[in-house]
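Peer 1: Below is the structure I would like to discuss, written out as structure tokens.
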Protein chains: 2
Amino acid sequence: MTELAKGPMGQRRGRGARERILVAAQTLFREQGISRTSIDQVCAAAEVSKRTAYQHFAGKDELVAEYLHQFDPDVMSGVFDCTDLTPRERLLAAFEMPASTPLCPYIAAAVELRDPEHPASRTARAYKIAIAERLAETAREAGAANPEQLGEQLALLIDGASARSQVINSESFSAAAAIAAVLIDNAIPASSSPKPRGNRPTKRSTPDRIDGR
Amino acid sequence: MTELAKGPMGQRRGRGARERILVAAQTLFREQGISRTSIDQVCAAAEVSKRTAYQHFAGKDELVAEYLHQFDPDVMSGVFDCTDLTPRERLLAAFEMPASTPLCPYIAAAVELRDPEHPASRTARAYKIAIAERLAETAREAGAANPEQLGEQLALLIDGASARSQVINSESFSAAAAIAAVLIDNAIPASSSPKPRGNRPTKRSTPDRIDGR
DNA sequence: AGCTATGTACACCGATCAGTACCACTCGGG
DNA sequence: CCCGAGTGGTACTGATCGGTGTACATAGCT
């Protein structure tokens, strides 16, 4: 019975149209934005007929929501799952972007849709909060004094770098990383990293590696 | 000669149509975004016929560009012109937003248009750079070690707060202000009390309250 | 084979939108 | 008084877009 499998949902995979649609949507939405990408464009790129697209997604809104939902399961897994890094390094790794990162799709969606009640906006909000929580979690591992605050601050920096990069048309993540380093070292009581000034190393009351993962 | 007459351009101000169009455009663009606002909507809100609108602006693109250009002359004048504040206070004042600030129009434009060569995108870029320079200037007045860097960092924080507020649907400027305070105090050799380096201030330089109003 | 879920091709509808054309009105100045 | 620039009103064009209907093709399961 050909275990090519049906997804969690009852989707039958004749030729995997749904997959191709989502891939095409991801590419186009990221490149040109949501409102500037038509359903016809997506269908053409996915090599799928319009009718099929509407058999998988009730409408463009649902497609957009699903497009954003794609990233949900792996909330920056590439960053947080690097167990070979110290928590502090993991926090900073979140700022290492490939330089040509188009723009955070969640920011783009929230700005383009403008409707906080839109399912895609809800997804975006949830994702952004999840990122902040993941950062806070890692910050706690790193021994930060106020992990929630640091997580929220780092999330704000990431968003700022993404948005500003789009406006300025030049990379801003390195600047954000610099700020992040300051905040992290400022929040961790005893930082083993060489910090020029500001924070003074007290005794290593708490070892900087508490990572239990 | 009725000094009401013609402005810098040959525009006749019969009933100030151009003014009303720009006001209406500003309101609508800020509220609903650019792409979701039609010319007809602007005309209706401005109580102006479409005919008139197209006599003043060659097209929507020009209207958008002019809409952004409106803010150009006064680059956050309300903040930087407060000579009764210390430079440090002025830097922090840039983060005091009315809580219901829709979204930075320049970020919105850059995200919605997605074209760095669009005149409106150029205007947005120029404005953002100008803000950073103004901040750097003030940072220099405040005696920051690296004013350009601090200005860029603060600009990034503002953008981050604006973008994140839009996505999270809740104010983020206070968090940004907290970061700003850290950065500022970190960049100024001696703010109020001598804290050159390696100093052990009685309490962390992180101010718990930013807005002193 | 035969049935059903899935997909394709293509035409079509209704709505919206940017932009234009045309006519009538209304001012303000001569 | 007329003249004409500026304007309002309205209807139009051409294009795009979201979404649907229909008829036909294919793949897989029983």
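In the structure tokens, each chain is lettered A, B, ... as it comes, each chain's residues begin at 1, and ligands are numbered from 1 in order of appearance.
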Mind listing as a ChimeraX atom specification which residues of chain C are within 10 Å of chain A, counting only C-alpha atoms (C1' of nucleotides)?
Peer 2: /C:5-9
Peer 1: Given identical sequences, what C-alpha RMSD separates chain B from chain A after least-squares superposition over all Cα in order?
Peer 2: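 Chain A versus chain B: RMSD of 4.9 Å.
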Peer 1: Write down as number ranges by chain the residues belonging to segment 104-206 of chain B that are assigned helix (DSSP H, G or I) by DSSP computed on the backbone.
Peer 2: B: 105-113, 119-141, 147-168, 173-187
Peer 1: Given only C-alpha atoms (C1' of nucleotides), how would the per-residue table for chain D near chain A read, listing every residue at most 12 Å away with its closest atom pair and distance in Å to one decimal, sorted by chain and number, as a tab-separated table?
Peer 2:
residue	atom	partner	partner_atom	distance
D:DT16	C1'	A:Ser38	CA	9.1
D:DC17	C1'	A:Ser38	CA	7.0
D:DG18	C1'	A:Ile39	CA	7.7
D:DG19	C1'	A:Gly59	CA	7.9
D:DT20	C1'	A:Arg51	CA	8.6
D:DG21	C1'	A:Arg51	CA	10.0
D:DT22	C1'	A:Arg51	CA	11.2
D:DT26	C1'	A:Gly14	CA	9.0
D:DA27	C1'	A:Gly14	CA	6.4
D:DG28	C1'	A:Gly14	CA	8.2
D:DC29	C1'	A:Met1	CA	8.5
D:DT30	C1'	A:Met1	CA	11.7
Peer 1: Store the residues picked out above, limited to N, CA and C atoms (P, O5', C5', C4', C3', O3' and C1' of nucleotides), as a CSV table (one decimal), in the first residue's frame.
Peer 2:
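Resulting contents of result09.csv:
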chain,number,residue,atom,x,y,z
D,16,DT,P,-2.7,42.5,-16.9
D,16,DT,O5',-3.1,42.2,-15.4
D,16,DT,C5',-3.0,43.2,-14.5
D,16,DT,C4',-3.7,42.8,-13.2
D,16,DT,C3',-3.6,41.4,-12.8
D,16,DT,O3',-3.1,41.3,-11.5
D,16,DT,C1',-5.9,42.0,-12.7
D,17,DC,P,-2.6,39.9,-10.9
D,17,DC,O5',-3.5,39.7,-9.6
D,17,DC,C5',-4.3,40.7,-9.2
D,17,DC,C4',-5.5,40.2,-8.5
D,17,DC,C3',-5.4,38.7,-8.2
D,17,DC,O3',-5.7,38.5,-6.8
D,17,DC,C1',-7.4,39.1,-9.3
D,18,DG,P,-5.2,37.1,-6.2
D,18,DG,O5',-6.6,36.6,-5.5
D,18,DG,C5',-7.4,37.5,-4.8
D,18,DG,C4',-8.8,37.0,-4.7
D,18,DG,C3',-8.9,35.6,-4.3
D,18,DG,O3',-10.0,35.4,-3.3
D,18,DG,C1',-10.0,35.9,-6.3
D,19,DG,P,-10.1,34.0,-2.6
D,19,DG,O5',-11.2,33.3,-3.5
D,19,DG,C5',-12.4,34.0,-3.8
D,19,DG,C4',-13.2,33.2,-4.9
D,19,DG,C3',-13.2,31.7,-4.7
D,19,DG,O3',-14.6,31.3,-4.5
D,19,DG,C1',-12.9,32.4,-7.0
D,20,DT,P,-15.0,29.8,-4.4
D,20,DT,O5',-15.6,29.5,-5.9
D,20,DT,C5',-16.6,30.4,-6.4
D,20,DT,C4',-17.1,29.9,-7.7
D,20,DT,C3',-17.5,28.4,-7.8
D,20,DT,O3',-18.8,28.3,-8.3
D,20,DT,C1',-16.1,29.0,-9.6
D,21,DG,P,-19.5,26.9,-8.2
D,21,DG,O5',-20.0,26.7,-9.7
D,21,DG,C5',-19.4,27.5,-10.8
D,21,DG,C4',-19.7,26.9,-12.1
D,21,DG,C3',-20.2,25.5,-12.1
D,21,DG,O3',-21.1,25.2,-13.1
D,21,DG,C1',-18.0,25.6,-13.1
D,22,DT,P,-21.7,23.7,-13.3
D,22,DT,O5',-20.8,23.1,-14.5
D,22,DT,C5',-20.4,24.0,-15.5
D,22,DT,C4',-19.5,23.2,-16.6
D,22,DT,C3',-19.8,21.7,-16.6
D,22,DT,O3',-19.9,21.2,-17.9
D,22,DT,C1',-17.5,22.1,-16.3
D,26,DT,P,-4.4,10.8,-19.6
D,26,DT,O5',-4.1,10.4,-18.1
D,26,DT,C5',-3.3,11.3,-17.2
D,26,DT,C4',-3.6,10.9,-15.8
D,26,DT,C3',-3.0,9.5,-15.4
D,26,DT,O3',-1.9,9.6,-14.6
D,26,DT,C1',-5.1,10.1,-14.3
D,27,DA,P,-0.9,8.4,-14.5
D,27,DA,O5',-1.1,8.1,-12.9
D,27,DA,C5',-1.2,9.1,-12.0
D,27,DA,C4',-1.8,8.6,-10.7
D,27,DA,C3',-1.3,7.2,-10.3
D,27,DA,O3',-0.9,7.3,-9.0
D,27,DA,C1',-3.7,7.3,-10.3
D,28,DG,P,0.0,6.0,-8.5
D,28,DG,O5',-1.0,5.3,-7.5
D,28,DG,C5',-1.6,6.1,-6.4
D,28,DG,C4',-2.8,5.4,-5.9
D,28,DG,C3',-2.6,4.0,-5.5
D,28,DG,O3',-3.1,3.8,-4.2
D,28,DG,C1',-4.5,4.1,-6.9
D,29,DC,P,-2.6,2.6,-3.3
D,29,DC,O5',-3.9,1.9,-2.8
D,29,DC,C5',-4.9,2.8,-2.3
D,29,DC,C4',-6.3,2.2,-2.5
D,29,DC,C3',-6.4,0.7,-2.1
D,29,DC,O3',-7.4,0.6,-1.1
D,29,DC,C1',-7.3,1.0,-4.3
D,30,DT,P,-7.5,-0.7,-0.2
D,30,DT,O5',-8.7,-1.5,-1.0
D,30,DT,C5',-10.0,-0.9,-1.1
D,30,DT,C4',-10.9,-1.8,-2.0
D,30,DT,C3',-10.8,-3.3,-1.6
D,30,DT,O3',-12.1,-3.8,-1.3
D,30,DT,C1',-10.6,-2.9,-4.0
Peer 1: Please return, as number ranges by chain, all residues of chain A lying within 8 Å of chain B when only C-alpha atoms are considered.
Peer 2: A: 32-33, 35, 106-108, 110-112, 114, 116, 121, 124-125, 128-129, 152-153, 156-161, 163-164, 166-169, 172, 175-176, 179, 182-183, 197-200
Peer 1: Go ahead and write the residues just picked, N, CA and C atoms, as a short mmCIF file (atom, residue, chain, number, x, y, z; two decimals), in the first residue's frame.
Peer 2:
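File produced: result-v8.cif:
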data_model
loop_
_atom_site.label_atom_id
_atom_site.label_comp_id
_atom_site.auth_asym_id
_atom_site.auth_seq_id
_atom_site.Cartn_x
_atom_site.Cartn_y
_atom_site.Cartn_z
N GLN A 32 8.26 38.41 -3.24
CA GLN A 32 7.50 39.59 -3.70
C GLN A 32 6.51 40.09 -2.68
N GLY A 33 6.37 39.39 -1.58
CA GLY A 33 5.34 39.78 -0.65
C GLY A 33 4.04 39.06 -0.95
N SER A 35 0.69 40.34 -0.88
CA SER A 35 -0.36 41.00 -1.67
C SER A 35 0.06 41.15 -3.13
N TYR A 106 6.96 36.64 8.95
CA TYR A 106 5.91 36.98 9.91
C TYR A 106 5.74 38.48 10.01
N ILE A 107 6.85 39.19 10.00
CA ILE A 107 6.74 40.64 9.98
C ILE A 107 6.05 41.07 8.69
N ALA A 108 6.49 40.49 7.59
CA ALA A 108 5.89 40.85 6.31
C ALA A 108 4.39 40.61 6.33
N ALA A 110 2.33 40.38 8.92
CA ALA A 110 1.63 41.28 9.83
C ALA A 110 1.51 42.67 9.24
N VAL A 111 2.55 43.11 8.53
CA VAL A 111 2.53 44.45 7.96
C VAL A 111 1.60 44.49 6.74
N GLU A 112 1.65 43.45 5.95
CA GLU A 112 0.85 43.47 4.73
C GLU A 112 -0.63 43.26 5.03
N ARG A 114 -2.25 43.58 8.08
CA ARG A 114 -2.74 44.66 8.94
C ARG A 114 -3.93 44.27 9.80
N PRO A 116 -5.02 42.05 12.83
CA PRO A 116 -4.53 41.18 13.90
C PRO A 116 -5.36 39.92 14.06
N SER A 121 -2.01 36.38 10.77
CA SER A 121 -1.48 37.29 11.78
C SER A 121 -1.40 36.59 13.13
N ALA A 124 1.57 34.42 13.03
CA ALA A 124 2.78 35.22 13.15
C ALA A 124 3.02 35.63 14.60
N ARG A 125 1.97 36.07 15.24
CA ARG A 125 2.11 36.49 16.63
C ARG A 125 2.57 35.32 17.49
N LYS A 128 6.20 34.59 16.89
CA LYS A 128 7.11 35.58 17.47
C LYS A 128 7.21 35.39 18.98
N ILE A 129 6.09 35.09 19.60
CA ILE A 129 6.12 34.87 21.04
C ILE A 129 6.89 33.59 21.36
N GLU A 152 12.80 38.49 25.47
CA GLU A 152 12.00 39.49 24.75
C GLU A 152 12.89 40.53 24.09
N GLN A 153 13.95 40.92 24.79
CA GLN A 153 14.85 41.91 24.23
C GLN A 153 15.56 41.38 22.99
N LEU A 156 13.25 41.27 20.12
CA LEU A 156 13.07 42.62 19.58
C LEU A 156 14.25 42.99 18.68
N LEU A 157 15.43 42.61 19.09
CA LEU A 157 16.61 42.92 18.28
C LEU A 157 16.54 42.21 16.93
N ILE A 158 16.12 40.97 16.96
CA ILE A 158 16.03 40.22 15.70
C ILE A 158 15.02 40.89 14.77
N ASP A 159 13.88 41.22 15.33
CA ASP A 159 12.87 41.88 14.50
C ASP A 159 13.38 43.22 13.98
N GLY A 160 14.06 43.93 14.83
CA GLY A 160 14.60 45.21 14.40
C GLY A 160 15.59 45.04 13.26
N ALA A 161 16.45 44.06 13.39
CA ALA A 161 17.44 43.84 12.34
C ALA A 161 16.76 43.46 11.03
N ALA A 163 13.60 44.10 10.03
CA ALA A 163 12.85 45.22 9.46
C ALA A 163 13.79 46.27 8.92
N ARG A 164 14.78 46.60 9.69
CA ARG A 164 15.68 47.67 9.26
C ARG A 164 16.48 47.25 8.03
N GLN A 166 15.41 45.55 5.67
CA GLN A 166 14.53 45.73 4.54
C GLN A 166 14.46 47.19 4.12
N VAL A 167 14.39 48.07 5.09
CA VAL A 167 14.24 49.49 4.77
C VAL A 167 15.55 50.06 4.25
N ILE A 168 16.61 49.80 5.00
CA ILE A 168 17.91 50.36 4.66
C ILE A 168 18.51 49.66 3.45
N ASN A 169 18.02 48.49 3.19
CA ASN A 169 18.53 47.69 2.08
C ASN A 169 19.98 47.29 2.30
N SER A 172 21.66 44.32 8.79
CA SER A 172 21.69 44.96 10.10
C SER A 172 21.86 43.97 11.23
N ALA A 175 24.94 44.46 13.64
CA ALA A 175 24.73 45.49 14.65
C ALA A 175 23.85 44.96 15.77
N ALA A 176 22.80 44.23 15.37
CA ALA A 176 21.92 43.66 16.39
C ALA A 176 22.68 42.67 17.26
N ILE A 179 24.60 44.42 19.91
CA ILE A 179 23.75 44.81 21.03
C ILE A 179 23.43 43.59 21.88
N VAL A 182 26.06 42.69 24.28
CA VAL A 182 26.07 43.57 25.45
C VAL A 182 24.98 43.16 26.43
N LEU A 183 23.78 42.95 25.89
CA LEU A 183 22.66 42.63 26.78
C LEU A 183 22.90 41.30 27.51
N ARG A 197 34.17 46.15 28.94
CA ARG A 197 33.88 46.99 30.09
C ARG A 197 32.41 46.92 30.42
N GLY A 198 32.10 47.63 31.47
CA GLY A 198 30.71 47.66 31.87
C GLY A 198 30.47 46.61 32.93
N ASN A 199 30.27 45.43 32.48
CA ASN A 199 30.03 44.37 33.43
C ASN A 199 31.36 43.91 34.02
N ARG A 200 31.37 43.80 35.30
CA ARG A 200 32.60 43.36 35.92
C ARG A 200 32.44 41.93 36.40
#
Peer 1: Show me, as a VMD selection string, the residues that have an atom within 6 Å of segment 135-141 of chain B when counting only C-alpha atoms (C1' of nucleotides), minus same-chain residues fewer than 5 positions from it.
Peer 2: chain B and resid 87 147 to 148 151
Peer 1: In Å, rounded to a single decimal, give me how far atom CA of Ile21 of chain B is from atom CA of Gln70 of chain B.
Peer 2: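 Separation between atom CA of Gln70 of chain B and atom CA of Ile21 of chain B: 12.2 Å.
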